[in-house]
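**Student:** Supplied structure: my_file.cif, mmCIF, C-alpha atoms.
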data_input
#
loop_
_atom_site.label_atom_id
_atom_site.label_comp_id
_atom_site.auth_asym_id
_atom_site.auth_seq_id
_atom_site.Cartn_x
_atom_site.Cartn_y
_atom_site.Cartn_z
CA MET A 680 73.25 43.49 234.84
CA LYS A 681 76.62 43.29 233.05
CA ARG A 682 75.66 39.88 231.62
CA ILE A 683 72.38 41.33 230.28
CA ILE A 684 74.16 44.27 228.65
CA THR A 685 76.67 41.89 227.09
CA LEU A 686 73.88 39.65 225.77
CA PHE A 687 72.10 42.59 224.11
CA THR A 688 75.38 43.78 222.60
CA VAL A 689 75.99 40.42 220.97
CA LEU A 690 72.41 40.23 219.71
CA ILE A 691 72.66 43.69 218.14
CA LEU A 692 75.98 42.74 216.59
CA CYS A 693 74.49 39.60 215.12
CA LEU A 694 71.44 41.36 213.68
CA LEU A 695 73.53 44.11 212.10
CA SER A 696 75.87 41.55 210.64
CA ILE A 697 73.03 39.58 209.09
CA GLN A 698 71.17 42.48 207.58
CA ALA A 699 74.09 44.57 206.36
CA GLN A 700 77.75 43.93 207.13
CA ARG A 701 79.94 42.49 209.83
CA VAL A 702 80.52 45.06 212.56
CA ILE A 703 82.60 45.07 215.73
CA ALA A 704 81.05 46.10 219.04
CA LEU A 705 82.91 48.18 221.61
CA GLN A 706 81.34 48.13 225.07
CA ASN A 707 82.10 50.81 227.67
CA GLY A 708 79.77 50.39 230.62
CA SER A 709 76.29 50.97 229.25
CA LYS A 710 77.62 52.70 226.11
CA SER A 711 78.25 50.88 222.83
CA PHE A 712 80.08 51.84 219.66
CA PHE A 713 79.94 49.88 216.39
CA HIS A 714 82.26 49.95 213.41
CA GLN A 715 83.50 47.69 210.61
CA GLN A 716 87.21 48.50 211.00
CA LEU A 717 89.25 47.04 213.83
CA ASP A 718 91.72 49.96 213.79
CA THR A 719 88.84 52.42 214.30
CA ILE A 720 87.55 50.35 217.24
CA MET A 721 91.02 50.33 218.78
CA ALA A 722 91.30 54.11 218.36
CA HIS A 723 88.06 54.56 220.33
CA ALA A 724 88.82 51.92 223.00
CA GLU A 725 89.49 53.09 226.54
CA GLN A 726 90.99 51.39 229.57
CA GLY A 727 88.86 48.42 230.66
CA ASP A 728 86.63 48.31 227.56
CA THR A 729 85.28 45.11 226.02
CA ILE A 730 85.46 44.37 222.29
CA TYR A 731 83.25 41.77 220.58
CA LEU A 732 84.48 40.49 217.22
CA PRO A 733 81.95 38.92 214.85
CA GLY A 734 82.67 35.97 212.59
CA THR A 735 85.14 37.67 210.26
CA ASN A 736 88.85 37.26 209.55
CA TYR A 737 90.57 40.60 210.19
CA ASN A 738 93.81 41.79 208.61
CA TYR A 739 95.08 44.59 210.84
CA GLY A 740 97.88 45.33 208.38
CA LYS A 741 100.57 45.18 211.08
CA ASP A 742 101.11 43.61 214.49
CA PHE A 743 97.97 44.01 216.60
CA SER A 744 99.35 45.68 219.74
CA ILE A 745 97.36 45.97 222.97
CA ASN A 746 98.67 48.72 225.27
CA LYS A 747 95.74 49.10 227.68
CA GLU A 748 93.43 46.81 229.60
CA LEU A 749 91.06 45.38 226.99
CA HIS A 750 88.81 42.33 227.02
CA ILE A 751 88.55 41.01 223.47
CA PHE A 752 86.07 38.23 222.70
CA GLY A 753 85.46 36.49 219.40
CA VAL A 754 82.63 34.09 218.61
CA GLY A 755 85.04 31.13 218.65
CA HIS A 756 87.27 29.22 216.27
CA VAL A 757 85.79 25.71 216.14
CA PRO A 758 83.92 24.91 212.88
CA ASP A 759 81.08 22.98 214.55
CA SER A 760 80.27 25.73 217.05
CA THR A 761 80.57 28.69 214.63
CA LYS A 762 78.33 27.47 211.80
CA ALA A 763 75.82 30.27 212.44
CA THR A 764 78.38 33.08 212.58
CA GLY A 765 81.65 31.99 211.03
CA PHE A 766 84.83 32.09 213.13
CA SER A 767 86.52 35.21 214.51
CA GLY A 768 90.05 35.53 213.16
CA ILE A 769 93.03 37.90 213.24
CA LEU A 770 95.67 37.36 210.56
CA ASN A 771 98.46 39.28 212.33
CA ASN A 772 100.69 38.79 215.35
CA ILE A 773 99.14 39.95 218.62
CA ARG A 774 101.38 41.76 221.12
CA PHE A 775 100.54 42.58 224.73
CA ILE A 776 102.76 45.50 225.72
CA THR A 777 103.25 47.51 228.89
CA GLY A 778 99.89 48.97 229.94
CA SER A 779 97.86 45.90 228.93
CA ASP A 780 97.73 44.43 232.45
CA ASN A 781 94.48 42.58 233.32
CA SER A 782 93.50 42.03 229.66
CA THR A 783 91.61 39.08 228.18
CA LEU A 784 91.81 37.47 224.75
CA SER A 785 89.30 34.72 224.01
CA GLY A 786 87.52 32.90 221.19
CA ILE A 787 89.76 33.94 218.27
CA TYR A 788 91.67 32.09 215.54
CA ILE A 789 95.06 33.83 215.38
CA ASN A 790 96.78 33.10 212.11
CA ALA A 791 100.18 34.14 213.52
CA ASN A 792 101.61 34.30 217.08
CA ILE A 793 101.16 36.00 220.45
CA TYR A 794 104.07 37.97 221.93
CA PHE A 795 104.65 40.10 225.02
CA GLY A 796 106.31 43.41 224.20
CA THR A 797 108.03 44.72 221.08
CA ASN A 798 111.42 45.32 222.73
CA THR A 799 113.11 45.29 226.15
CA THR A 800 111.41 48.50 227.27
CA ASN A 801 107.74 47.52 226.97
CA ARG A 802 107.55 43.81 227.83
CA ASN A 803 106.54 44.15 231.49
CA VAL A 804 102.98 42.77 231.55
CA SER A 805 100.88 41.16 234.29
CA ASN A 806 97.54 39.39 234.73
CA VAL A 807 96.66 38.50 231.14
CA THR A 808 94.33 35.63 230.24
CA ILE A 809 94.54 33.89 226.85
CA SER A 810 91.74 31.37 226.54
CA ARG A 811 89.84 29.33 223.96
CA CYS A 812 91.89 30.62 221.04
CA ASN A 813 93.69 28.82 218.22
CA VAL A 814 97.18 30.31 217.89
CA GLY A 815 100.50 29.47 216.25
CA ASN A 816 103.03 30.09 219.05
CA ILE A 817 102.81 31.87 222.38
CA TYR A 818 106.02 33.71 223.30
CA LEU A 819 106.19 35.18 226.81
CA ASN A 820 108.66 37.72 225.48
CA TYR A 821 108.96 40.07 222.51
CA ASN A 822 110.76 37.55 220.30
CA SER A 823 111.54 33.86 220.16
CA ASN A 824 114.35 32.64 222.43
CA VAL A 825 114.86 36.06 224.01
CA SER A 826 115.90 35.76 227.66
CA ASN A 827 114.86 37.55 230.86
CA SER A 828 111.09 37.52 230.39
CA GLN A 829 109.28 40.25 232.35
CA VAL A 830 105.77 38.81 232.42
CA ASN A 831 103.94 37.44 235.42
CA TYR A 832 100.51 36.06 236.32
CA ILE A 833 99.70 34.89 232.79
CA ASN A 834 96.90 32.35 232.36
CA ILE A 835 97.02 30.24 229.20
CA ASN A 836 94.05 27.92 229.21
CA GLU A 837 91.80 25.89 226.89
CA ASN A 838 93.62 26.91 223.71
CA VAL A 839 94.73 25.04 220.63
CA ILE A 840 98.41 25.96 220.27
CA ARG A 841 99.53 24.86 216.82
CA SER A 842 103.21 25.01 217.68
CA MET A 843 104.80 25.76 221.08
CA VAL A 844 104.82 27.82 224.28
CA ASP A 845 108.09 29.71 224.79
CA GLY A 846 108.59 31.04 228.33
CA GLY A 847 111.38 33.50 227.57
CA TYR A 848 113.40 31.78 230.34
CA THR A 849 112.34 33.65 233.51
CA PRO A 850 108.61 34.37 233.70
CA SER A 851 106.76 34.09 236.99
CA ASN A 852 103.37 32.77 238.04
CA ILE A 853 102.44 31.17 234.72
CA ALA A 854 99.51 28.73 234.53
CA VAL A 855 99.29 26.57 231.38
CA GLU A 856 96.16 24.44 231.75
CA ARG A 857 93.89 22.31 229.55
CA ASN A 858 95.54 23.24 226.25
CA ILE A 859 96.14 21.12 223.17
CA ILE A 860 99.78 21.81 222.30
CA ASN A 861 100.86 20.53 218.91
CA ASP A 862 104.61 20.81 219.55
CA TYR A 863 106.24 21.35 222.94
CA VAL A 864 107.15 23.76 225.76
CA VAL A 865 110.50 25.54 225.74
CA ASN A 866 112.65 28.02 227.72
CA PHE A 867 111.33 27.99 231.28
CA ASN A 868 114.55 28.25 233.28
CA PHE A 869 113.72 28.00 237.00
CA PRO A 870 110.75 30.36 236.71
CA GLU A 871 108.87 31.32 239.83
CA ASN A 872 105.65 29.35 240.40
CA CYS A 873 105.00 28.01 236.89
CA TYR A 874 102.93 24.90 236.26
CA PHE A 875 101.52 22.81 233.43
CA LYS A 876 98.34 20.91 234.20
CA ASN A 877 95.89 18.79 232.21
CA ASN A 878 97.38 19.60 228.81
CA THR A 879 97.52 17.25 225.83
CA ILE A 880 100.92 17.39 224.09
CA LEU A 881 100.81 15.90 220.60
CA ASP A 882 104.45 16.31 219.54
CA TYR A 883 106.08 12.99 218.72
CA SER A 884 109.66 13.97 219.60
CA TYR A 885 109.84 16.20 222.68
CA PHE A 886 107.73 17.21 225.65
CA PHE A 887 109.90 19.99 227.08
CA SER A 888 113.12 21.63 225.90
CA ASN A 889 115.35 23.77 228.12
CA VAL A 890 112.88 23.61 231.00
CA SER A 891 113.83 23.42 234.67
CA GLY A 892 112.07 23.76 238.01
CA VAL A 893 108.39 23.53 237.00
CA LEU A 894 105.38 21.47 238.11
CA ILE A 895 103.97 19.09 235.46
CA GLU A 896 100.72 17.39 236.45
CA ASN A 897 97.92 15.38 234.79
CA ASN A 898 99.18 15.90 231.23
CA ILE A 899 99.04 13.53 228.25
CA CYS A 900 102.31 13.31 226.34
CA LEU A 901 102.83 11.41 223.08
CA ALA A 902 106.52 12.27 222.67
CA SER A 903 109.04 9.49 222.14
CA ASN A 904 111.71 11.37 224.12
CA PRO A 905 109.69 13.32 226.70
CA MET A 906 112.40 13.86 229.33
CA SER A 907 115.02 15.36 227.04
CA GLY A 908 115.71 18.96 228.04
CA LEU A 909 113.81 18.71 231.35
CA ASN A 910 115.54 19.09 234.73
CA GLN A 911 114.78 19.49 238.44
CA SER A 912 111.03 19.42 237.86
CA THR A 913 108.17 17.57 239.54
CA LEU A 914 106.00 15.27 237.41
CA ARG A 915 102.82 13.86 238.93
CA ASN A 916 100.15 11.64 237.39
CA ASN A 917 100.99 12.25 233.75
CA LEU A 918 100.30 9.77 230.96
CA PHE A 919 103.18 8.97 228.61
CA SER A 920 103.12 6.86 225.48
CA ALA A 921 106.90 6.44 225.87
CA ASN A 922 108.24 3.50 227.87
CA LEU A 923 109.99 5.35 230.68
CA ASP A 924 111.80 3.71 233.59
CA ILE A 925 110.16 5.19 236.68
CA THR A 926 110.98 2.40 239.15
CA ASN A 927 112.98 4.79 241.34
CA ASP A 928 110.42 7.61 241.18
CA ALA A 929 113.00 9.77 239.45
CA ILE A 930 114.45 10.30 236.01
CA GLY A 931 117.68 12.26 236.13
CA THR A 932 117.06 15.22 238.40
CA ASN A 933 113.27 15.09 237.96
CA SER A 934 110.90 13.74 240.60
CA MET A 935 108.31 11.27 239.26
CA THR A 936 105.16 10.25 241.17
CA GLY A 937 102.03 8.40 239.98
CA ASN A 938 102.85 8.63 236.27
CA LEU A 939 101.57 6.17 233.66
CA VAL A 940 104.05 5.02 231.02
CA ASN A 941 104.12 2.89 227.87
CA ILE A 942 100.47 3.58 227.08
CA ALA A 943 99.64 2.71 223.48
CA ARG A 944 98.67 5.84 221.58
CA GLU A 945 95.70 4.15 219.94
CA SER A 946 94.26 3.31 223.37
CA ILE A 947 94.10 6.88 224.66
CA PHE A 948 91.56 9.00 222.77
CA VAL A 949 87.98 8.31 221.74
CA ASN A 950 88.76 9.26 218.16
CA ALA A 951 92.13 10.39 216.82
CA GLU A 952 92.81 8.33 213.72
CA ASN A 953 96.15 9.79 212.63
CA LEU A 954 97.97 11.39 215.55
CA THR A 955 101.11 11.97 213.48
CA SER A 956 99.22 14.63 211.50
CA GLY A 957 98.83 16.81 214.59
CA PHE A 958 95.72 18.55 215.87
CA ASN A 959 92.49 17.98 213.96
CA TYR A 960 89.09 19.54 214.67
CA ASP A 961 87.44 16.26 213.68
CA TYR A 962 89.18 14.31 216.43
CA ASN A 963 87.72 13.65 219.88
CA TYR A 964 90.43 14.05 222.52
CA ARG A 965 88.32 12.66 225.37
CA LEU A 966 89.70 9.50 226.93
CA LYS A 967 88.39 6.10 225.94
CA PRO A 968 86.38 4.44 228.74
CA ASP A 969 89.12 1.84 229.27
CA CYS A 970 92.06 4.25 228.98
CA PRO A 971 94.37 3.99 232.04
CA GLY A 972 94.19 7.77 232.33
CA LYS A 973 90.50 7.68 233.33
CA ASN A 974 90.11 9.03 236.89
CA ALA A 975 93.89 8.79 237.29
CA GLY A 976 94.73 12.46 237.89
CA THR A 977 95.98 13.85 241.16
CA ASP A 978 92.42 15.06 241.79
CA GLY A 979 90.83 11.68 240.97
CA MET A 980 89.58 12.98 237.63
CA ASP A 981 90.75 12.25 234.08
CA ILE A 982 94.24 13.03 232.88
CA GLY A 983 94.28 15.42 229.93
CA ILE A 984 92.20 18.41 228.86
CA TYR A 985 88.83 17.00 229.93
CA GLY A 986 89.99 16.36 233.48
CA SER A 987 89.96 18.68 236.52
CA ASP A 988 86.83 20.27 237.96
CA ILE A 989 86.86 22.76 235.04
CA PRO A 990 87.18 20.59 231.90
CA TYR A 991 88.22 21.90 228.50
CA LYS A 992 85.72 24.07 226.67
CA ASP A 993 86.28 25.77 223.32
CA VAL A 994 83.33 28.21 223.23
CA PRO A 995 84.14 31.70 224.66
CA GLU A 996 82.29 32.82 227.79
CA ASN A 997 80.16 35.51 226.14
CA PRO A 998 76.63 34.43 225.04
CA HIS A 999 76.97 32.07 222.09
CA ILE A 1000 74.89 32.29 218.91
CA ILE A 1001 73.53 28.81 218.16
CA SER A 1002 71.47 29.49 215.04
CA VAL A 1003 70.32 32.29 212.76
CA ASP A 1004 67.17 31.94 210.66
CA ASN A 1005 66.56 34.61 208.06
CA ALA A 1006 62.78 34.57 207.62
CA SER A 1007 61.56 34.65 204.01
CA ASN A 1008 58.42 36.69 204.76
CA VAL A 1009 58.12 40.40 205.49
CA ILE A 1010 56.04 41.47 208.51
CA ASN A 1011 54.92 45.10 208.78
CA GLY A 1012 57.54 46.07 206.24
CA LYS A 1013 60.37 44.39 208.16
CA LEU A 1014 62.31 41.24 207.37
CA GLY A 1015 62.06 38.78 210.24
CA VAL A 1016 65.22 37.29 211.73
CA ASN A 1017 65.23 34.55 214.38
CA VAL A 1018 68.38 34.29 216.47
CA THR A 1019 69.01 31.60 219.09
CA VAL A 1020 71.54 32.55 221.74
CA LYS A 1021 72.82 30.38 224.58
CA ALA A 1022 74.26 31.96 227.73
CA GLN A 1023 77.61 30.54 228.89
CA PRO A 1024 78.11 29.84 232.60
CA ARG A 1025 81.86 30.26 232.13
#
Can you present the structure in this file as structure tokens?

**Tutor:**
Amino acid sequence: MKRIITLFTVLILCLLSIQAQRVIALQNGSKSFFHQQLDTIMAHAEQGDTIYLPGTNYNYGKDFSINKELHIFGVGHVPDSTKATGFSGILNNIRFITGSDNSTLSGIYINANIYFGTNTTNRNVSNVTISRCNVGNIYLNYNSNVSNSQVNYININENVIRSMVDGGYTPSNIAVERNIINDYVVNFNFPENCYFKNNTILDYSYFFSNVSGVLIENNICLASNPMSGLNQSTLRNNLFSANLDITNDAIGTNSMTGNLVNIARESIFVNAENLTSGFNYDYNYRLKPDCPGKNAGTDGMDIGIYGSDIPYKDVPENPHIISVDNASNVINGKLGVNVTVKAQPR
């Protein structure tokens, strides 16, 4: 029943957007509220509500702070999959602050960064999922390079991260999976139960910086100096373009098992013509059929974002609008509109 209600909400949103102006939908159980302004939607939002953003770029005018459980879904950020709607964007920083436990953020192009907290008193946040977004940096604290992070159980999956993930030194229970990370990962200092799986790291210099005691598994890394700044961590079945010496199954204090090294960059992806330019929507980051990373993960599946039993997907989980056809004829005094919507299994 919840899926049906969600589907109707998105359809109504689409139709209103086509015929008049882009509106945001706020869902509270079986009740819906629509408005053009994001600040008005936020003023009406209650604990546990769901917000659906249409294909519009919003300027909130200040940091967009989330202080209650909210599930915010855009229509996506990828040009090919948002032709019918345009992409959902927020121009400002997004901050999860105390009270936002169990929130979701998905399918949005974030022009700035994501932070947790605004100061030391409101940075304690748990159980947040950030998925299928395009974002500058993700800081698991209220500012860059601030220590003593207070976040836990944060899932960062299937995003395009244009710069880096900063752990704030001491987060706990952090899962970073199936992301394209343009730069590197920094400031995870013996965190509790943090792992990085099936990511594709495009930075040409570093893989990790000031990182210790984490699990690193099934990732692709193009960095020339991937082990600099990494200590006492476990690396399993990763693919490196660098020519690392792993004959002793260890590099420094790091344990190395089943990793592939000295893999030519041009032999990895189906189509990525100029990797030095960073992430590109036109590139295909699936593995070439003869890439050594095929079926080479710890689970017998591909290394990188399209591996694991839940491969990378960039479309958010709410029903996705495939096409919109504004009919040219008027029937019974009404303009016909044909909308094609595809349900998402996840």

**Student:** Could you tell me, as an MDAnalysis selection string, exactly which residues end up selected when the PyMOL selection byres ((chain A and resi 828) around 6) is applied to this structure?

**Tutor:** chainID A and resid 820 826:827 829:830 847 849:850

**Student:** Do you have the CA of Asn858 in chain A-CA of Ile835 in chain A distance handy?

**Tutor:**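 So the two atoms, CA of Asn858 in chain A and CA of Ile835 in chain A, lie 7.7 Å apart.
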
**Student:** What separation in Å, quoted to one decimal, exists between CA of Asn861 in chain A and CA of Asn838 in chain A?

**Tutor:** 10.8 Å

**Student:** Within 12 Å of Tyr885 in chain A, counting all atoms listed in the file, which residues qualify if same-chain residues fewer than 6 places away don't, as a tab-separated table (two decimals) with C-alpha atoms, keeping the file's coordinate frame?

**Tutor:**
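Here's the written file selection_26.tsv:
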chain	number	residue	atom	x	y	z
A	843	MET	CA	104.80	25.76	221.08
A	860	ILE	CA	99.78	21.81	222.30
A	861	ASN	CA	100.86	20.53	218.91
A	862	ASP	CA	104.61	20.81	219.55
A	863	TYR	CA	106.24	21.35	222.94
A	864	VAL	CA	107.15	23.76	225.76
A	865	VAL	CA	110.50	25.54	225.74
A	900	CYS	CA	102.31	13.31	226.34
A	901	LEU	CA	102.83	11.41	223.08
A	902	ALA	CA	106.52	12.27	222.67
A	903	SER	CA	109.04	9.49	222.14
A	904	ASN	CA	111.71	11.37	224.12
A	905	PRO	CA	109.69	13.32	226.70
A	906	MET	CA	112.40	13.86	229.33
A	907	SER	CA	115.02	15.36	227.04
A	908	GLY	CA	115.71	18.96	228.04
A	909	LEU	CA	113.81	18.71	231.35
A	919	PHE	CA	103.18	8.97	228.61
A	920	SER	CA	103.12	6.86	225.48
A	921	ALA	CA	106.90	6.44	225.87

**Student:** Please write the residues picked by the PyMOL selection byres ((chain A and resi 866) around 6) on this file as a list in words.

**Tutor:**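 Evaluating the PyMOL selection byres ((chain A and resi 866) around 6) on this file yields Asp845, Gly846, Gly847, Tyr848, Val865, Phe867, Asn868, Asn889 and Val890 of chain A.
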
**Student:** Please enumerate the residues selected by the PyMOL selection byres ((chain A and resi 936) around 9) when evaluated against the supplied file, formatted as a list in words.

**Tutor:** Thr913, Leu914, Arg915, Asn916, Asn917, Ile925, Asp928, Ala929, Ser934, Met935, Gly937 and Asn938 of chain A

**Student:** How many Å separate CA of Leu918 in chain A from CA of Asn898 in chain A?

**Tutor:**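 Rounded to one decimal, the two atoms are 6.2 Å apart.
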
**Student:** Quick one: of A:Phe795, A:Gln706, A:Lys973, A:Asn801, who's nearest to Ser823 in chain A, counting only C-alpha atoms?

**Tutor:** A:Phe795

**Student:** Between A:Asn897, A:Thr735, A:Ser912, A:Thr955, which is the closest to Asn933 in chain A once you count all atoms listed in the file?

**Tutor:** A:Ser912

**Student:** Have a look at A:Arg811, A:Arg802, A:His714, A:Arg857 and name the one nearest to His756 in chain A; count only C-alpha atoms.

**Tutor:**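 Distance minimum relative to His756 in chain A lands on A:Arg811.
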
**Student:** Kindly add N, CA and C atoms to the incomplete range 793-826 of chain A and provide the output as a PDB file, in the coordinates of the input.

**Tutor:**
ATOM      1  N   ILE A 793     101.343  35.044 219.362  1.00  0.00           N
ATOM      2  CA  ILE A 793     101.160  36.000 220.450  1.00  0.00           C
ATOM      3  C   ILE A 793     102.523  36.270 221.079  1.00  0.00           C
ATOM      4  N   TYR A 794     102.834  37.550 221.288  1.00  0.00           N
ATOM      5  CA  TYR A 794     104.070  37.970 221.930  1.00  0.00           C
ATOM      6  C   TYR A 794     103.748  38.911 223.094  1.00  0.00           C
ATOM      7  N   PHE A 795     104.760  39.120 223.943  1.00  0.00           N
ATOM      8  CA  PHE A 795     104.650  40.100 225.020  1.00  0.00           C
ATOM      9  C   PHE A 795     105.765  41.127 224.838  1.00  0.00           C
ATOM     10  N   GLY A 796     105.360  42.351 224.450  1.00  0.00           N
ATOM     11  CA  GLY A 796     106.310  43.410 224.200  1.00  0.00           C
ATOM     12  C   GLY A 796     106.743  43.469 222.739  1.00  0.00           C
ATOM     13  N   THR A 797     107.400  44.577 222.389  1.00  0.00           N
ATOM     14  CA  THR A 797     108.030  44.720 221.080  1.00  0.00           C
ATOM     15  C   THR A 797     109.540  44.884 221.223  1.00  0.00           C
ATOM     16  N   ASN A 798     109.990  45.181 222.451  1.00  0.00           N
ATOM     17  CA  ASN A 798     111.420  45.320 222.730  1.00  0.00           C
ATOM     18  C   ASN A 798     111.613  45.217 224.251  1.00  0.00           C
ATOM     19  N   THR A 799     112.819  45.465 224.721  1.00  0.00           N
ATOM     20  CA  THR A 799     113.110  45.290 226.150  1.00  0.00           C
ATOM     21  C   THR A 799     112.441  46.336 227.028  1.00  0.00           C
ATOM     22  N   THR A 800     111.956  47.418 226.461  1.00  0.00           N
ATOM     23  CA  THR A 800     111.410  48.500 227.270  1.00  0.00           C
ATOM     24  C   THR A 800     109.911  48.402 227.538  1.00  0.00           C
ATOM     25  N   ASN A 801     109.198  47.550 226.810  1.00  0.00           N
ATOM     26  CA  ASN A 801     107.740  47.520 226.970  1.00  0.00           C
ATOM     27  C   ASN A 801     107.194  46.098 227.102  1.00  0.00           C
ATOM     28  N   ARG A 802     107.965  45.208 227.703  1.00  0.00           N
ATOM     29  CA  ARG A 802     107.550  43.810 227.830  1.00  0.00           C
ATOM     30  C   ARG A 802     107.106  43.434 229.243  1.00  0.00           C
ATOM     31  N   ASN A 803     106.961  44.418 230.117  1.00  0.00           N
ATOM     32  CA  ASN A 803     106.540  44.150 231.490  1.00  0.00           C
ATOM     33  C   ASN A 803     105.015  44.139 231.545  1.00  0.00           C
ATOM     34  N   VAL A 804     104.436  42.935 231.622  1.00  0.00           N
ATOM     35  CA  VAL A 804     102.980  42.770 231.550  1.00  0.00           C
ATOM     36  C   VAL A 804     102.541  41.764 232.605  1.00  0.00           C
ATOM     37  N   SER A 805     101.390  42.036 233.237  1.00  0.00           N
ATOM     38  CA  SER A 805     100.880  41.160 234.290  1.00  0.00           C
ATOM     39  C   SER A 805      99.393  40.877 234.094  1.00  0.00           C
ATOM     40  N   ASN A 806      98.973  39.731 234.615  1.00  0.00           N
ATOM     41  CA  ASN A 806      97.540  39.390 234.730  1.00  0.00           C
ATOM     42  C   ASN A 806      96.813  39.412 233.382  1.00  0.00           C
ATOM     43  N   VAL A 807      97.312  38.645 232.444  1.00  0.00           N
ATOM     44  CA  VAL A 807      96.660  38.500 231.140  1.00  0.00           C
ATOM     45  C   VAL A 807      96.139  37.074 231.010  1.00  0.00           C
ATOM     46  N   THR A 808      94.925  36.950 230.487  1.00  0.00           N
ATOM     47  CA  THR A 808      94.330  35.630 230.240  1.00  0.00           C
ATOM     48  C   THR A 808      94.166  35.426 228.741  1.00  0.00           C
ATOM     49  N   ILE A 809      94.703  34.311 228.247  1.00  0.00           N
ATOM     50  CA  ILE A 809      94.540  33.890 226.850  1.00  0.00           C
ATOM     51  C   ILE A 809      93.783  32.579 226.887  1.00  0.00           C
ATOM     52  N   SER A 810      92.549  32.580 226.404  1.00  0.00           N
ATOM     53  CA  SER A 810      91.740  31.370 226.540  1.00  0.00           C
ATOM     54  C   SER A 810      90.925  31.098 225.281  1.00  0.00           C
ATOM     55  N   ARG A 811      90.737  29.822 224.997  1.00  0.00           N
ATOM     56  CA  ARG A 811      89.840  29.330 223.960  1.00  0.00           C
ATOM     57  C   ARG A 811      90.140  29.937 222.593  1.00  0.00           C
ATOM     58  N   CYS A 812      91.422  30.149 222.340  1.00  0.00           N
ATOM     59  CA  CYS A 812      91.890  30.620 221.040  1.00  0.00           C
ATOM     60  C   CYS A 812      92.610  29.487 220.311  1.00  0.00           C
ATOM     61  N   ASN A 813      92.812  29.672 219.025  1.00  0.00           N
ATOM     62  CA  ASN A 813      93.690  28.820 218.220  1.00  0.00           C
ATOM     63  C   ASN A 813      94.813  29.732 217.751  1.00  0.00           C
ATOM     64  N   VAL A 814      96.066  29.409 218.124  1.00  0.00           N
ATOM     65  CA  VAL A 814      97.180  30.310 217.890  1.00  0.00           C
ATOM     66  C   VAL A 814      98.407  29.509 217.463  1.00  0.00           C
ATOM     67  N   GLY A 815      99.291  30.144 216.690  1.00  0.00           N
ATOM     68  CA  GLY A 815     100.500  29.470 216.250  1.00  0.00           C
ATOM     69  C   GLY A 815     101.449  29.182 217.394  1.00  0.00           C
ATOM     70  N   ASN A 816     102.140  30.196 217.885  1.00  0.00           N
ATOM     71  CA  ASN A 816     103.030  30.090 219.050  1.00  0.00           C
ATOM     72  C   ASN A 816     102.626  31.142 220.082  1.00  0.00           C
ATOM     73  N   ILE A 817     102.945  30.870 221.334  1.00  0.00           N
ATOM     74  CA  ILE A 817     102.810  31.870 222.380  1.00  0.00           C
ATOM     75  C   ILE A 817     104.204  32.108 222.959  1.00  0.00           C
ATOM     76  N   TYR A 818     104.708  33.324 222.788  1.00  0.00           N
ATOM     77  CA  TYR A 818     106.020  33.710 223.300  1.00  0.00           C
ATOM     78  C   TYR A 818     105.813  34.670 224.475  1.00  0.00           C
ATOM     79  N   LEU A 819     106.321  34.316 225.644  1.00  0.00           N
ATOM     80  CA  LEU A 819     106.190  35.180 226.810  1.00  0.00           C
ATOM     81  C   LEU A 819     107.321  36.213 226.846  1.00  0.00           C
ATOM     82  N   ASN A 820     107.643  36.691 225.659  1.00  0.00           N
ATOM     83  CA  ASN A 820     108.660  37.720 225.480  1.00  0.00           C
ATOM     84  C   ASN A 820     108.411  38.359 224.122  1.00  0.00           C
ATOM     85  N   TYR A 821     109.239  39.334 223.741  1.00  0.00           N
ATOM     86  CA  TYR A 821     108.960  40.070 222.510  1.00  0.00           C
ATOM     87  C   TYR A 821     109.481  39.374 221.260  1.00  0.00           C
ATOM     88  N   ASN A 822     110.251  38.293 221.437  1.00  0.00           N
ATOM     89  CA  ASN A 822     110.760  37.550 220.300  1.00  0.00           C
ATOM     90  C   ASN A 822     111.068  36.128 220.751  1.00  0.00           C
ATOM     91  N   SER A 823     111.247  35.241 219.815  1.00  0.00           N
ATOM     92  CA  SER A 823     111.540  33.860 220.160  1.00  0.00           C
ATOM     93  C   SER A 823     112.948  33.749 220.748  1.00  0.00           C
ATOM     94  N   ASN A 824     113.067  32.939 221.792  1.00  0.00           N
ATOM     95  CA  ASN A 824     114.350  32.640 222.430  1.00  0.00           C
ATOM     96  C   ASN A 824     115.053  33.860 223.017  1.00  0.00           C
ATOM     97  N   VAL A 825     114.287  34.911 223.318  1.00  0.00           N
ATOM     98  CA  VAL A 825     114.860  36.060 224.010  1.00  0.00           C
ATOM     99  C   VAL A 825     114.778  35.801 225.513  1.00  0.00           C
ATOM    100  N   SER A 826     115.848  36.096 226.240  1.00  0.00           N
ATOM    101  CA  SER A 826     115.900  35.760 227.660  1.00  0.00           C
ATOM    102  C   SER A 826     115.335  36.871 228.532  1.00  0.00           C
TER     103      SER A 826
END
